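Colleague: Submitted below is the structure of interest, expressed as structure tokens.
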Amino acid sequence: MFLRRFQCLASSVVDRRAICEVVGILPFGKSGYMRVPIMHKTCGGRRPKKKIYYRVHELDRAMDLQKKPSLILQLKSIVQSQKKQSLLLRDLEKEVGFVQKWNFMAVIEKYPTIFHVGGGGRTPPMVMLTKKAEKIAAEEINAMEQMEPILVKNLRKLLMLSIDCRLPLKTVEFIESAMGLPRDFKKTMIPKYPEYFTVKDVNGREYLQLENWDPDLAVTAREEKLAREGILDSIGCSEKVRISKDGNFPGRFAFWLSFPAGFRPNKSYLEEVQRWQKMEFPSPYINARRFESADPKARKRAVAVLHELLSLTMEKRMTTGQLDAFHSEYRLPARLLLCLIKHHGIFYITNKGAKSTVFLKEAYDGSNLIDKCPQLVFWDKFVALCGRRDFVSGIGMPS
């Protein structure tokens, strides 16, 4: 029973060959936490041990808040893709399917400040953007122009993290929405930068290849933040500063931690965290082939790789399936889900939404993303037309 439940929830994340050693996440209850069964090969006939994985309500709420804004933005894109900038209501089902059609119809009816229904009589009813919505929608071109250098930089860094400075094109397409890449980036963006990217055929499979290595880009978001705070300029600080009760201290090899409410680490746990926080580790931009996966420093480096990968996304979060797509190219831990759960002060996994999602905790203040790129700022402004402030705080990527 346990294995059947686990396979449904976590088979896309964890190596099935090690299924008797992995962690399966169970749905949250009203208590604000969930019990995580952990099965070990050496457990014999005993029951699996259970640990508590605490819920972070603010990040769960961030997933809830993105649902309707996502529909609004998706409908905007559909309407704008039409030749006459309007869509016949009878054709809505062809665009989104029978089931989703009713969700979009509800959005059209609920937000007349964004969508206007015209036609009548002999003219079939159609949906279009209101004049005010059209005016704001025109600003998206400027946002896209601001985004392009950011996307090029992030895509180069994404390739630099891989062991061969290349990724399957399908993998990049799989995360294009999380990165903020245009859907036709292969045709519109890649050819514009031949000095950075090429598409090559490797054993019958298309790969996006990095053309040149830039050492100036081989700096992680974590290191950039420490540099802004002056941590990298301080020498010996990790030896002099005592670790706090929340596990944080200003060390050059330390990660920012945020333990969930209700989690009370004991002294031995904090001592282990302190040793881990002070431990040196190689840069995520150094080729993973140089290290043994069992080396504690290599394991900490793997955490840094996950941290950097999430930092390259627009909303500092990805689905577990998207993370798992980088397993071989980034040499991620064999038991990826277990790694994410173990470092619950850095990452948070939520089952809210259609797919489980991994958040980078430090990127959020409550339910709100702290730093927003030009594309997200534009989406905020457009969705604000509906008059719901909570929607703006929890804006999400249109699917």
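Starting from 1 in every chain, residues are counted up; chains themselves are A, B, ... following the order of the structure tokens, and ligands are numbered from 1 as listed.
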Which neighbours of Asn266 of chain A fall inside 12 Å, counting only C-alpha atoms, when residues of the same chain fewer than 5 positions from it are skipped, and could you give them as a ChimeraX atom specification?
Modeller: /A:245-247,271-273
Colleague: What does the file look like for those residues with N, CA, C and O atoms, as a PDB file, in the first residue's frame?
Modeller:
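Ended up saving to selection-v1.pdb:
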```pdb
ATOM      1  N   LYS A 245      20.240  30.355  16.804  1.00  0.00           N
ATOM      2  CA  LYS A 245      19.279  29.284  17.037  1.00  0.00           C
ATOM      3  C   LYS A 245      18.510  28.903  15.774  1.00  0.00           C
ATOM      4  O   LYS A 245      17.914  27.828  15.711  1.00  0.00           O
ATOM      5  N   ASP A 246      18.500  29.810  14.799  1.00  0.00           N
ATOM      6  CA  ASP A 246      17.800  29.491  13.559  1.00  0.00           C
ATOM      7  C   ASP A 246      18.722  28.868  12.515  1.00  0.00           C
ATOM      8  O   ASP A 246      18.323  28.626  11.380  1.00  0.00           O
ATOM      9  N   GLY A 247      19.987  28.603  12.888  1.00  0.00           N
ATOM     10  CA  GLY A 247      20.919  27.944  11.986  1.00  0.00           C
ATOM     11  C   GLY A 247      21.689  28.876  11.070  1.00  0.00           C
ATOM     12  O   GLY A 247      22.532  28.433  10.292  1.00  0.00           O
ATOM     13  N   GLU A 271      24.164  21.830  16.234  1.00  0.00           N
ATOM     14  CA  GLU A 271      25.608  21.589  16.118  1.00  0.00           C
ATOM     15  C   GLU A 271      25.934  20.955  14.766  1.00  0.00           C
ATOM     16  O   GLU A 271      26.943  21.292  14.141  1.00  0.00           O
ATOM     17  N   GLU A 272      25.074  20.045  14.334  1.00  0.00           N
ATOM     18  CA  GLU A 272      25.275  19.429  13.014  1.00  0.00           C
ATOM     19  C   GLU A 272      25.105  20.473  11.903  1.00  0.00           C
ATOM     20  O   GLU A 272      25.870  20.496  10.928  1.00  0.00           O
ATOM     21  N   VAL A 273      24.101  21.345  12.052  1.00  0.00           N
ATOM     22  CA  VAL A 273      23.890  22.424  11.089  1.00  0.00           C
ATOM     23  C   VAL A 273      25.095  23.346  11.046  1.00  0.00           C
ATOM     24  O   VAL A 273      25.539  23.776   9.978  1.00  0.00           O
TER      25      VAL A 273
END
```
Colleague: Tell me, as a list in words, which residues lie within 12 Å of Lys153 of chain A, counting only C-alpha atoms; anything in the same chain fewer than 6 positions away does not count.
Modeller: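 Within the cut-off, the hits are Met147, Leu159, Met160, Met179, Leu181, Tyr193, Tyr196, Phe197, Leu210, Trp213, Asp214, Asp216, Leu217, Ala218, Val219, Leu312 and Thr313 of chain A.
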Colleague: When you look at segment 291-303 of chain A with a cut-off of 10 Å (counting only C-alpha atoms), what residues show up, excluding the ones that are within fewer than 3 positions of it in the same chain? I need them as a list in words.
Modeller: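 Within the cut-off, the hits are Phe253, Phe255, Trp276, Gln277, Met279, Glu280, Phe281, Pro282, Ser283, Pro284, Tyr285, Ile286, Asn287, Ala288, Leu306, His307, Glu308, Leu309, Tyr330, Arg331, Leu332, Pro333, Ala334, Leu336, Cys339, Leu340, His343, Ile346 and Phe347 of chain A.
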Colleague: Atom CA of Pro374 of chain A and atom CA of Met144 of chain A, how far apart in Å?
Modeller: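 Computing it gives 7.6 Å between the two atoms.
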Colleague: If you measure from atom CA of Gln85 of chain A to atom CA of Asn142 of chain A, what distance in Å do you get, rounded to one decimal?
Modeller: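 Separation between atom CA of Gln85 of chain A and atom CA of Asn142 of chain A: 19.4 Å.
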Colleague: In Å, with one decimal, what is the gap from atom CA of Gln375 of chain A to atom CA of Leu360 of chain A?
Modeller: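 Taking atom CA of Gln375 of chain A as the start and atom CA of Leu360 of chain A as the end point, the length is 19.3 Å.
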Colleague: Can you tell me, as a ChimeraX atom specification, which residues in segment 96-198 of chain A count as alpha helix (DSSP H) by DSSP?
Modeller: /A:96,98-110,131-137,140-160,169-174,176-179,185-188
Colleague: Under the rule that only C-alpha atoms are counted, which of A:Arg183, A:Arg290, A:Arg264, A:His116 is the nearest residue to Ser86 of chain A?
Modeller: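 That would be A:His116, the residue with the smallest distance to Ser86 of chain A.
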Colleague: Which residues are near Ile190 of chain A? Cut-off 12 Å, only C-alpha atoms, ignore same chain within fewer than 4 positions. Put them as a list in words.
Modeller: Glu148, Leu151, Val152, Leu155, Arg156, Leu169, Val172, Leu181, Pro182, Arg183, Asp184, Phe185, Lys186, Pro194, Glu195, Tyr196, Phe197, Thr198, Val199, Leu208, Gln209, Leu210 and Glu211 of chain A
Colleague: What parts of segment 192-287 of chain A does DSSP call strand (DSSP E or B)? I'd like the answer as number ranges by chain.
Modeller: A: 197-202, 205-210
Colleague: Mind dumping the selected residues with C-alpha atoms as a PDB file, in the first residue's frame?
Modeller:
```pdb
ATOM      1  CA  PHE A 197      24.481  29.107 -28.445  1.00  0.00           C
ATOM      2  CA  THR A 198      24.245  26.433 -31.101  1.00  0.00           C
ATOM      3  CA  VAL A 199      21.849  23.544 -31.580  1.00  0.00           C
ATOM      4  CA  LYS A 200      23.704  20.303 -32.277  1.00  0.00           C
ATOM      5  CA  ASP A 201      22.632  16.761 -33.038  1.00  0.00           C
ATOM      6  CA  VAL A 202      24.123  14.238 -30.609  1.00  0.00           C
ATOM      7  CA  ARG A 205      18.996  14.013 -30.184  1.00  0.00           C
ATOM      8  CA  GLU A 206      18.995  17.820 -30.350  1.00  0.00           C
ATOM      9  CA  TYR A 207      21.153  19.571 -27.739  1.00  0.00           C
ATOM     10  CA  LEU A 208      21.563  23.234 -26.913  1.00  0.00           C
ATOM     11  CA  GLN A 209      25.326  23.785 -26.712  1.00  0.00           C
ATOM     12  CA  LEU A 210      27.216  26.635 -25.030  1.00  0.00           C
TER      13      LEU A 210
END
```
Colleague: Between A:Cys386, A:Ala304, A:Val107, A:Ile52, which one has atoms that come closest to Leu161 of chain A, using only C-alpha atoms?
Modeller: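 Once distances to Leu161 of chain A are computed over only C-alpha atoms, the minimum belongs to A:Ala304.
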Colleague: Find the spatial neighbours of Val117 of chain A, counting only C-alpha atoms, within a cut-off of 10 Å - ignore same-chain residues fewer than 5 positions away - and output them as a PyMOL selection string.
Modeller: chain A and resi 86-89+108-109+112+125-130
Colleague: Could you save those same residues with all heavy atoms as an mmCIF file, in the first residue's frame?
Modeller:
```
data_model
loop_
_atom_site.group_PDB
_atom_site.id
_atom_site.type_symbol
_atom_site.label_atom_id
_atom_site.label_comp_id
_atom_site.auth_asym_id
_atom_site.auth_seq_id
_atom_site.Cartn_x
_atom_site.Cartn_y
_atom_site.Cartn_z
ATOM 1 N N SER A 86 -9.471 39.363 -31.347
ATOM 2 C CA SER A 86 -10.720 38.965 -30.696
ATOM 3 C C SER A 86 -10.943 37.484 -30.964
ATOM 4 O O SER A 86 -10.476 36.942 -31.968
ATOM 5 C CB SER A 86 -11.905 39.788 -31.199
ATOM 6 O OG SER A 86 -12.095 39.575 -32.588
ATOM 7 N N LEU A 87 -11.675 36.842 -30.061
ATOM 8 C CA LEU A 87 -11.903 35.401 -30.174
ATOM 9 C C LEU A 87 -13.389 35.115 -30.069
ATOM 10 O O LEU A 87 -14.054 35.544 -29.108
ATOM 11 C CB LEU A 87 -11.150 34.660 -29.065
ATOM 12 C CG LEU A 87 -11.359 33.139 -28.982
ATOM 13 C CD1 LEU A 87 -10.718 32.442 -30.177
ATOM 14 C CD2 LEU A 87 -10.800 32.594 -27.681
ATOM 15 N N LEU A 88 -13.929 34.414 -31.061
ATOM 16 C CA LEU A 88 -15.331 33.992 -30.989
ATOM 17 C C LEU A 88 -15.503 33.038 -29.809
ATOM 18 O O LEU A 88 -14.704 32.110 -29.620
ATOM 19 C CB LEU A 88 -15.747 33.301 -32.285
ATOM 20 C CG LEU A 88 -15.757 34.167 -33.555
ATOM 21 C CD1 LEU A 88 -16.082 33.305 -34.764
ATOM 22 C CD2 LEU A 88 -16.752 35.314 -33.423
ATOM 23 N N LEU A 89 -16.531 33.269 -29.017
ATOM 24 C CA LEU A 89 -16.746 32.428 -27.836
ATOM 25 C C LEU A 89 -16.946 30.962 -28.217
ATOM 26 O O LEU A 89 -16.576 30.069 -27.457
ATOM 27 C CB LEU A 89 -17.952 32.945 -27.042
ATOM 28 C CG LEU A 89 -17.765 34.299 -26.343
ATOM 29 C CD1 LEU A 89 -19.025 34.666 -25.564
ATOM 30 C CD2 LEU A 89 -16.568 34.273 -25.404
ATOM 31 N N ILE A 108 -14.098 35.605 -17.903
ATOM 32 C CA ILE A 108 -14.623 36.656 -18.782
ATOM 33 C C ILE A 108 -15.766 37.403 -18.103
ATOM 34 O O ILE A 108 -15.854 38.632 -18.140
ATOM 35 C CB ILE A 108 -15.086 36.056 -20.122
ATOM 36 C CG1 ILE A 108 -13.884 35.508 -20.901
ATOM 37 C CG2 ILE A 108 -15.831 37.097 -20.961
ATOM 38 C CD1 ILE A 108 -14.263 34.673 -22.120
ATOM 39 N N GLU A 109 -16.642 36.643 -17.460
ATOM 40 C CA GLU A 109 -17.811 37.245 -16.812
ATOM 41 C C GLU A 109 -17.422 38.026 -15.555
ATOM 42 O O GLU A 109 -18.003 39.075 -15.266
ATOM 43 C CB GLU A 109 -18.808 36.135 -16.457
ATOM 44 C CG GLU A 109 -20.091 36.649 -15.830
ATOM 45 C CD GLU A 109 -21.064 35.524 -15.500
ATOM 46 O OE1 GLU A 109 -20.716 34.349 -15.753
ATOM 47 O OE2 GLU A 109 -22.156 35.820 -14.989
ATOM 48 N N PRO A 112 -14.917 42.239 -16.086
ATOM 49 C CA PRO A 112 -15.265 43.077 -17.249
ATOM 50 C C PRO A 112 -14.307 44.240 -17.461
ATOM 51 O O PRO A 112 -14.333 44.861 -18.524
ATOM 52 C CB PRO A 112 -16.674 43.581 -16.894
ATOM 53 C CG PRO A 112 -16.727 43.544 -15.398
ATOM 54 C CD PRO A 112 -15.899 42.351 -15.010
ATOM 55 N N PRO A 125 -21.142 36.266 -30.721
ATOM 56 C CA PRO A 125 -20.435 36.906 -29.598
ATOM 57 C C PRO A 125 -18.954 36.560 -29.609
ATOM 58 O O PRO A 125 -18.558 35.440 -29.932
ATOM 59 C CB PRO A 125 -21.137 36.339 -28.370
ATOM 60 C CG PRO A 125 -21.785 35.084 -28.830
ATOM 61 C CD PRO A 125 -22.143 35.302 -30.272
ATOM 62 N N MET A 126 -18.169 37.561 -29.249
ATOM 63 C CA MET A 126 -16.713 37.379 -29.213
ATOM 64 C C MET A 126 -16.132 38.103 -28.014
ATOM 65 O O MET A 126 -16.725 39.057 -27.497
ATOM 66 C CB MET A 126 -16.082 37.913 -30.503
ATOM 67 C CG MET A 126 -16.280 39.409 -30.718
ATOM 68 S SD MET A 126 -15.751 39.970 -32.338
ATOM 69 C CE MET A 126 -17.062 39.304 -33.366
ATOM 70 N N VAL A 127 -14.970 37.643 -27.551
ATOM 71 C CA VAL A 127 -14.300 38.276 -26.419
ATOM 72 C C VAL A 127 -13.061 39.014 -26.909
ATOM 73 O O VAL A 127 -12.355 38.555 -27.812
ATOM 74 C CB VAL A 127 -13.911 37.234 -25.338
ATOM 75 C CG1 VAL A 127 -12.943 36.194 -25.874
ATOM 76 C CG2 VAL A 127 -13.313 37.916 -24.127
ATOM 77 N N MET A 128 -12.817 40.179 -26.320
ATOM 78 C CA MET A 128 -11.657 41.002 -26.667
ATOM 79 C C MET A 128 -11.204 41.736 -25.418
ATOM 80 O O MET A 128 -11.893 41.725 -24.384
ATOM 81 C CB MET A 128 -12.024 41.991 -27.778
ATOM 82 C CG MET A 128 -13.128 42.957 -27.396
ATOM 83 S SD MET A 128 -13.866 43.803 -28.804
ATOM 84 C CE MET A 128 -14.909 42.496 -29.473
ATOM 85 N N LEU A 129 -10.043 42.339 -25.480
ATOM 86 C CA LEU A 129 -9.554 43.128 -24.355
ATOM 87 C C LEU A 129 -10.249 44.482 -24.340
ATOM 88 O O LEU A 129 -10.570 45.043 -25.398
ATOM 89 C CB LEU A 129 -8.039 43.337 -24.458
ATOM 90 C CG LEU A 129 -7.150 42.103 -24.399
ATOM 91 C CD1 LEU A 129 -5.683 42.517 -24.493
ATOM 92 C CD2 LEU A 129 -7.377 41.302 -23.128
ATOM 93 N N THR A 130 -10.488 45.015 -23.152
ATOM 94 C CA THR A 130 -11.024 46.368 -23.046
ATOM 95 C C THR A 130 -9.962 47.371 -23.484
ATOM 96 O O THR A 130 -8.770 47.037 -23.601
ATOM 97 C CB THR A 130 -11.441 46.671 -21.601
ATOM 98 O OG1 THR A 130 -10.282 46.612 -20.758
ATOM 99 C CG2 THR A 130 -12.480 45.675 -21.102
#
```
